[in-house]
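Reading through the C-alpha cells given below for one structure.
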Amino acid sequence: MDMKQHCVKLSVQPSRGLVDEKFTVLVQNLLPGFQLTIHALHQCEDGHSWEAFAHYTANATSIVNVSQDPSLGGTYSGVEPMGLLWSLRPVPGSKTGLRLRKMNVQTPMGVTISVYQGHQKEGFLDQVLLASVVVERWYMAPGVRRVPITEGRLTATLFLPSGPGPFPGLLDLWGWGGKLVEYRAALLASHGIASMALDYLTPKETGRMVDNDYFETAYRVLEQHPQILGSRIAMLGLSFGAGVTLRMAVYSKGLKLSCAVCINGSHVQPIDGPLEQIMTYFNKNVEKTRFDEDNQLICRDLMLPIPTDPSLKVDVGRLQCPLLLVVGEDDQNWPTYESAMDMREMMERAGNSHLLTVLSYKNAGHLIQPPFTPFTRASTFKSVTIPPFTMMALWGGELVAHSRTQEDAWRKTLVFLRENLYGDMKPGALFSNL
Amino acid sequence: MYINLRRKPLLSVIADDLSCGGTYTGKEAMGLLWSMRPVPGSREGLRLRKLNVCIPQLVNISVYSGHVGVGFREQDPLASVLTERWYMAPGVRRIDIKEKGVRGTLFIPHGPGPFPGLLDMWGGGGGLLEYRAALLASHGYASMALEYFNPAEVNTAELELNYFETAFNIVRDHPQVMSDRVGLFGLSLGSIVSISLAAWSSVVKPRCCVCISGNHTHARGGTIGDVFNEFITNVHKVRMDENNYEIWRGMGLPIPDDISQKVDVGKINCPILLVNGDDDQNWPTVESAEDMAQMMRAAGNEHLLTRLEYPDAGHLIEPPYSPHFRATKFLKDGQKVILLWGGTTKPHSDAQEDSWKKILAFLQQNMYSSSGPRAKL
C-alpha cells in the first residue's frame, strides 16, 4: 500500500526545549513490519548541513518510539532516545574538519526530523518523505537575560537567570580557539547560575596576552553585580581554560572561588611569570607533537611526562575550594588523565584531597560539551597564538562513549555546582532554582 | 501553597506534592495554569483568550515564603522563572484566508503533507479566534479557524449554510489537504453549524465531527442570525442567578418532539463526537445529546455517535489547562451582559484535559487511520 495514503504521523515532544532536555520521537500509524528511516537535519550558522539517521522497523503495534525501540543501523544503533542529535555529522560532500557550535544563542538551533520510507543511507533529498517536523533546541531558557559586558576592557557576556535573584555566579572559560563562546554560559544561566562567558585570548590592542588581573576584573564584575551573590562564585574551564582556572583558584588573591570545574585540562604550566609564559613553554616542546595516520595533530605529549619540577605545575595542594575534574581518557589533545592522576597525588600528599572529585570516562575525547552536542573526533583548529596556526586537531574519543560522557558529566557538573553554590544556605536565604 | 514535606530542601516537585490551599488543592501538576483567575480588583466577566498565536503565552512562576493568599505584587518572591506556552509548534504555517467571501486563518502543519483537514468554528461571541486551530495544526491537522460574524453581531449574521460549505471546500481543495479527510470541529454555535452541515449538506461530506457544547434543536434553513434569534425567542425563560448572571439553558427546554424543529441527525453518515458538561448553564447540551442519541437509534446510525459527558463541567470546554470561566461578559444586542457558562473549576479542568486527549484520539482514528472511519474510541 502506498504509505502516502496511509498517513504516517510523526511527533516530537517537546517540540521546543533546552539543548540538554530529552525529547520523545514517535511515529504512528505505520503498517506492522514497515521499514522506515528517521532523519535529522540541521543547518548550522555557517551554512553547513549536518544530518543523522536511523533505521527502524515497525512492530505489531504499528508505532515506532525512538526512546524505546532499537535502531537497526544508521548513524547510531540500538535504543538511543537522543541519538538523532548526538550522532549528527556533516552531510556527505562537506568540507573536512567541521565542528558544530552555536554562536548566536538568542535564536534556537532548528532541527528538522523526518520520516522516510525504507532503510535509506544517503540521498535523502530524493527519497519519499512521509512526514517531517521542526524541533527547536535552545541554549537560553525563557527569561534568561543576555548582558554584554564591556567594563574593564573585558570581552565578555553575562547571562542572568530568570527571576529576581540574587544568584550564584560563574566565570566560564573555553580553550585555545579563543572567541567569545556563549552557549555554555547561557545554558548554565538557564539552570540558575549567573554565568559570564569570558574571552581572554582574542588579541588585544596591546598585542600582549592578558594576565591575572583580567580574570580578577571579571570576578569583580560578578562579585559586585547587584543580582549576584558575591560570596558564591565558581569558575569553569575547558582545555586551556581549565589550566587558567586552576592557576587563578590557587594563586590569585583577588579570587575567592566557591568551587572550580576543570574539563580536560591540566595543571602543568610555568607558574612564575605571566600567563603568556605558558605559550612559550608549549612552543618550546612543540617537537613533541605528532601526527596520526590521517595527518591529524596529537598535542597531548607536549606536557608529558608530567614534570616533577614544582615551578611547572599549579600547586593544587594549596587549593581551598572543591574541585571537579572531568577527564576524557582518550583525550588526544591534552594529557588530561595523567594530569588528573598527578593532581590527585599532590592533593593526597598535601591533605586536601577531600576537595577533589574526579570523573573519568573511557573512550571520551577532549571536547566534552553539553549533552547531545554532536561528537567531533577531529576538527580544523585555528589557534590564537601569534602567529596563529591552523591544523586538523585530533580530539579523540569514540562516538557512543563520548556522547554518554557528555550527558553524565553535565548532570554531575550541575549537581556539583548546585551543591557548592546553593548548598548549606541558612534558612530564609534567597535561592532560585525551580 | 505548599509545605515542603521532604527532608532535603530544594527538591520540592509540584507534580508529586500536595497543595494545602490556594487556587487549587491536592496533587495537581498543572493547577498553576488551569486555576488562574483575574487578580483581585479586576473587572467582572473577563475571559482569557490568546489572540496572537505567533508568540507564546508567558507565565511567571514564583515562589514566596510562607502561605500567602493576597498581595503578591507587594512582596518579593524568593525565586521566579518564566515559562512559555505555545499554541503553534515550530514549523506550523499561518495563512490568512480571504477568498470567495470566506474569512479565516489556515494553519498548516510542517512537513510534506498532505494532511487531514479541519474546519474550526467557535460560538456566539463571533470574531476570529485562532488558537484552537493553531493547536490542532500542531497535532498534524491542517485547520482553518473560521470567522463567520463580527463580535456582538451574531443576531444579524446573514450567513447561511452555503458560507460554511464554501469554507469547508477551501480547506478540502488546498493542495496540502487530503480532500477525503476533512472534518468539522466546533464549540457552541460552531457545533450547531457542524451538526447541521453533517446532516443536511449535500455539498460537504465531513470525515468526522467534533462537537463541543452543541445542540440540534433548530429548524432547517435561515441564516445564522435567524438560528440564534430562534434560540433566544424564549427570552422569558432566562433566569438570573444570585450575581445577576444570565442562565440561558431554560430557553432550550423542553427539547421539542417535532422533528421539523430539529436537525435530522438520522441523516448523519460520519462519526460524530459530542463533548458536553452536565453543569452547562448556557444550553441544555446534555439533554440535546440524549435526544440526538434517540433519534440516531431510531434511524439506525447510532453506531456513529460517541458521547462524552463530564460531571460539573460547564459550557466552555477549551484546550487543556485553559483557565476555567464560570461566567463572562457577552454582548447581546449591543448590551453587555454576563452569561453563566457553568462548571466548577476542578472538574471542569479535568474535563478539558480528558476530553482533549479523547478528541485527539478520535481525530487520529478517523482522520489518520487507513481503516475506515470509526466512531467508537
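Residue numbers start at 1 in each chain; chains themselves are named A, B, ... in the order of the C-alpha cells; ligands are numbered from 1 in the order shown.
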
Which residues of chain B are close to chain A, meaning at most 7 Å apart when you count only C-alpha atoms, and how do they look as a ChimeraX atom specification?
/B:78-84,89-91,110-113,368-370

Could you give me, as an mmCIF file with all heavy atoms, in the first residue's frame, the residues within 10 Å of Val400 in chain A, counting only C-alpha atoms and dropping anything in the same chain fewer than 3 positions from it?
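Writing the result to out21.cif gives the following:
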data_model
loop_
_atom_site.group_PDB
_atom_site.id
_atom_site.type_symbol
_atom_site.label_atom_id
_atom_site.label_comp_id
_atom_site.auth_asym_id
_atom_site.auth_seq_id
_atom_site.Cartn_x
_atom_site.Cartn_y
_atom_site.Cartn_z
ATOM 1 N N TYR A 76 23.566 5.799 14.333
ATOM 2 C CA TYR A 76 23.610 5.191 15.660
ATOM 3 C C TYR A 76 22.797 3.919 15.608
ATOM 4 O O TYR A 76 21.993 3.731 14.683
ATOM 5 C CB TYR A 76 23.077 6.144 16.746
ATOM 6 C CG TYR A 76 21.600 6.457 16.626
ATOM 7 C CD1 TYR A 76 20.631 5.679 17.268
ATOM 8 C CD2 TYR A 76 21.162 7.545 15.861
ATOM 9 C CE1 TYR A 76 19.271 5.968 17.145
ATOM 10 C CE2 TYR A 76 19.812 7.840 15.737
ATOM 11 C CZ TYR A 76 18.874 7.049 16.379
ATOM 12 O OH TYR A 76 17.539 7.339 16.257
ATOM 13 N N SER A 77 22.991 3.041 16.567
ATOM 14 C CA SER A 77 22.181 1.820 16.594
ATOM 15 C C SER A 77 21.754 1.534 18.020
ATOM 16 O O SER A 77 22.266 2.145 18.969
ATOM 17 C CB SER A 77 22.964 0.642 16.003
ATOM 18 O OG SER A 77 24.134 0.454 16.755
ATOM 19 N N GLU A 80 18.367 4.495 21.482
ATOM 20 C CA GLU A 80 19.043 5.765 21.766
ATOM 21 C C GLU A 80 18.057 6.922 21.620
ATOM 22 O O GLU A 80 17.885 7.464 20.532
ATOM 23 C CB GLU A 80 20.218 5.962 20.786
ATOM 24 C CG GLU A 80 21.327 4.942 20.924
ATOM 25 C CD GLU A 80 22.104 5.092 22.235
ATOM 26 O OE1 GLU A 80 21.856 6.068 22.985
ATOM 27 O OE2 GLU A 80 22.949 4.216 22.500
ATOM 28 N N GLY A 83 19.849 9.890 20.040
ATOM 29 C CA GLY A 83 20.845 9.611 19.007
ATOM 30 C C GLY A 83 20.755 10.535 17.807
ATOM 31 O O GLY A 83 21.747 10.841 17.154
ATOM 32 N N TRP A 86 23.025 13.587 18.948
ATOM 33 C CA TRP A 86 24.454 13.480 19.196
ATOM 34 C C TRP A 86 25.217 12.797 18.064
ATOM 35 O O TRP A 86 26.431 12.918 17.969
ATOM 36 C CB TRP A 86 24.775 12.848 20.556
ATOM 37 C CG TRP A 86 24.182 11.519 20.938
ATOM 38 C CD1 TRP A 86 23.215 11.303 21.877
ATOM 39 C CD2 TRP A 86 24.542 10.228 20.455
ATOM 40 N NE1 TRP A 86 22.949 9.973 22.004
ATOM 41 C CE2 TRP A 86 23.745 9.281 21.142
ATOM 42 C CE3 TRP A 86 25.469 9.762 19.521
ATOM 43 C CZ2 TRP A 86 23.846 7.906 20.923
ATOM 44 C CZ3 TRP A 86 25.573 8.398 19.297
ATOM 45 C CH2 TRP A 86 24.761 7.490 19.995
ATOM 46 N N SER A 87 24.491 12.074 17.190
ATOM 47 C CA SER A 87 25.206 11.457 16.076
ATOM 48 C C SER A 87 25.154 12.308 14.802
ATOM 49 O O SER A 87 25.542 11.846 13.717
ATOM 50 C CB SER A 87 24.675 10.050 15.800
ATOM 51 O OG SER A 87 23.389 10.120 15.187
ATOM 52 N N ASN A 363 37.209 6.233 26.690
ATOM 53 C CA ASN A 363 36.857 6.486 25.295
ATOM 54 C C ASN A 363 36.163 7.821 25.047
ATOM 55 O O ASN A 363 35.562 8.012 23.980
ATOM 56 C CB ASN A 363 35.998 5.356 24.709
ATOM 57 C CG ASN A 363 36.788 4.068 24.621
ATOM 58 O OD1 ASN A 363 37.980 4.097 24.321
ATOM 59 N ND2 ASN A 363 36.147 2.952 24.909
ATOM 60 N N ALA A 364 36.267 8.701 26.010
ATOM 61 C CA ALA A 364 35.778 10.061 25.776
ATOM 62 C C ALA A 364 36.964 10.920 25.367
ATOM 63 O O ALA A 364 38.090 10.701 25.807
ATOM 64 C CB ALA A 364 35.116 10.624 27.030
ATOM 65 N N PHE A 375 29.248 14.794 18.285
ATOM 66 C CA PHE A 375 30.615 14.404 18.585
ATOM 67 C C PHE A 375 31.533 14.742 17.431
ATOM 68 O O PHE A 375 31.223 14.519 16.264
ATOM 69 C CB PHE A 375 30.641 12.890 18.857
ATOM 70 C CG PHE A 375 32.016 12.299 18.901
ATOM 71 C CD1 PHE A 375 32.895 12.649 19.923
ATOM 72 C CD2 PHE A 375 32.430 11.397 17.945
ATOM 73 C CE1 PHE A 375 34.168 12.095 19.973
ATOM 74 C CE2 PHE A 375 33.704 10.842 17.990
ATOM 75 C CZ PHE A 375 34.578 11.188 19.003
ATOM 76 N N GLY A 397 38.350 10.274 21.355
ATOM 77 C CA GLY A 397 37.017 9.845 21.772
ATOM 78 C C GLY A 397 36.377 8.944 20.732
ATOM 79 O O GLY A 397 36.776 8.912 19.562
ATOM 80 N N SER A 403 29.431 10.491 23.732
ATOM 81 C CA SER A 403 28.098 11.081 23.876
ATOM 82 C C SER A 403 27.504 10.746 25.240
ATOM 83 O O SER A 403 26.879 11.597 25.877
ATOM 84 C CB SER A 403 27.195 10.610 22.750
ATOM 85 O OG SER A 403 27.767 11.000 21.509
ATOM 86 N N ARG A 404 27.713 9.530 25.711
ATOM 87 C CA ARG A 404 27.237 9.171 27.052
ATOM 88 C C ARG A 404 27.941 10.016 28.097
ATOM 89 O O ARG A 404 27.355 10.445 29.090
ATOM 90 C CB ARG A 404 27.511 7.703 27.346
ATOM 91 C CG ARG A 404 26.896 6.741 26.412
ATOM 92 C CD ARG A 404 26.008 5.731 27.124
ATOM 93 N NE ARG A 404 25.675 4.646 26.235
ATOM 94 C CZ ARG A 404 24.759 4.728 25.274
ATOM 95 N NH1 ARG A 404 24.104 5.850 25.075
ATOM 96 N NH2 ARG A 404 24.530 3.694 24.501
ATOM 97 N N THR A 405 29.242 10.222 27.861
ATOM 98 C CA THR A 405 30.050 11.020 28.780
ATOM 99 C C THR A 405 29.483 12.424 28.905
ATOM 100 O O THR A 405 29.374 12.967 30.019
ATOM 101 C CB THR A 405 31.503 11.098 28.274
ATOM 102 O OG1 THR A 405 32.051 9.784 28.284
ATOM 103 C CG2 THR A 405 32.338 12.017 29.140
#

Surrounding residues of Arg318 in chain A excluding itself and chain neighbours under 5 positions, 8 Å, only C-alpha atoms, as number ranges by chain
A: 250, 350, 352

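When only C-alpha atoms are used to compute distances to Ser322 in chain B, the closest of the residues B:Ser42, B:Ser202, B:Ser194, B:Gln57 turns out to be B:Gln57.
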
Report as an NGL selection string: the residues of range 275-312 of chain B with a DSSP assignment of strand (DSSP E or B), based on the backbone of this structure.
:B and (275-277 or 280 or 305-310)

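If you look at CA of Leu154 in chain A and CA of Leu257 in chain A, they are 19.4 Å away from each other.
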
For Thr344 in chain B, find every residue with an atom within 9 Å (counting only C-alpha atoms), except residues of its own chain fewer than 2 positions away, and show them as a PyMOL selection string.
chain B and resi 279+312-314+324-326+342+346-349

Go ahead and write the residues just picked, N, CA, C and O atoms, as a compact mmCIF listing (two decimals), in the first residue's frame.
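Saved file selection-v3.txt follows:
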# COMPACT_ATOMS: atom_id res chain seq x y z
N ASP B 279 -22.97 20.52 33.82
CA ASP B 279 -23.32 21.74 34.54
C ASP B 279 -23.38 22.92 33.57
O ASP B 279 -23.21 24.08 33.93
N ASP B 312 -20.14 18.30 36.42
CA ASP B 312 -19.70 19.59 36.94
C ASP B 312 -18.80 20.39 36.00
O ASP B 312 -18.09 21.30 36.43
N ALA B 313 -18.87 20.03 34.73
CA ALA B 313 -18.17 20.85 33.73
C ALA B 313 -19.19 21.77 33.09
O ALA B 313 -20.37 21.45 33.00
N GLY B 314 -18.73 22.91 32.62
CA GLY B 314 -19.64 23.91 32.06
C GLY B 314 -19.64 23.91 30.54
O GLY B 314 -19.30 22.93 29.89
N HIS B 324 -10.55 28.06 33.84
CA HIS B 324 -11.99 27.86 33.78
C HIS B 324 -12.72 29.19 33.98
O HIS B 324 -12.40 29.95 34.89
N PHE B 325 -13.71 29.43 33.14
CA PHE B 325 -14.51 30.65 33.28
C PHE B 325 -15.96 30.26 33.50
O PHE B 325 -16.62 29.75 32.61
N ARG B 326 -16.41 30.52 34.69
CA ARG B 326 -17.77 30.13 35.04
C ARG B 326 -18.79 31.13 34.45
O ARG B 326 -19.91 30.76 34.14
N GLY B 342 -21.27 28.03 33.59
CA GLY B 342 -21.35 26.86 34.47
C GLY B 342 -20.02 26.18 34.69
O GLY B 342 -18.98 26.63 34.22
N LYS B 346 -12.30 22.67 39.31
CA LYS B 346 -11.51 21.43 39.24
C LYS B 346 -12.11 20.40 38.28
O LYS B 346 -11.43 19.92 37.36
N PRO B 347 -13.40 20.04 38.41
CA PRO B 347 -13.96 19.08 37.45
C PRO B 347 -13.97 19.61 36.02
O PRO B 347 -13.80 18.85 35.06
N HIS B 348 -14.14 20.92 35.86
CA HIS B 348 -14.14 21.47 34.51
C HIS B 348 -12.76 21.34 33.89
O HIS B 348 -12.61 20.99 32.70
N SER B 349 -11.73 21.58 34.68
CA SER B 349 -10.36 21.46 34.19
C SER B 349 -10.03 20.01 33.87
O SER B 349 -9.37 19.73 32.87
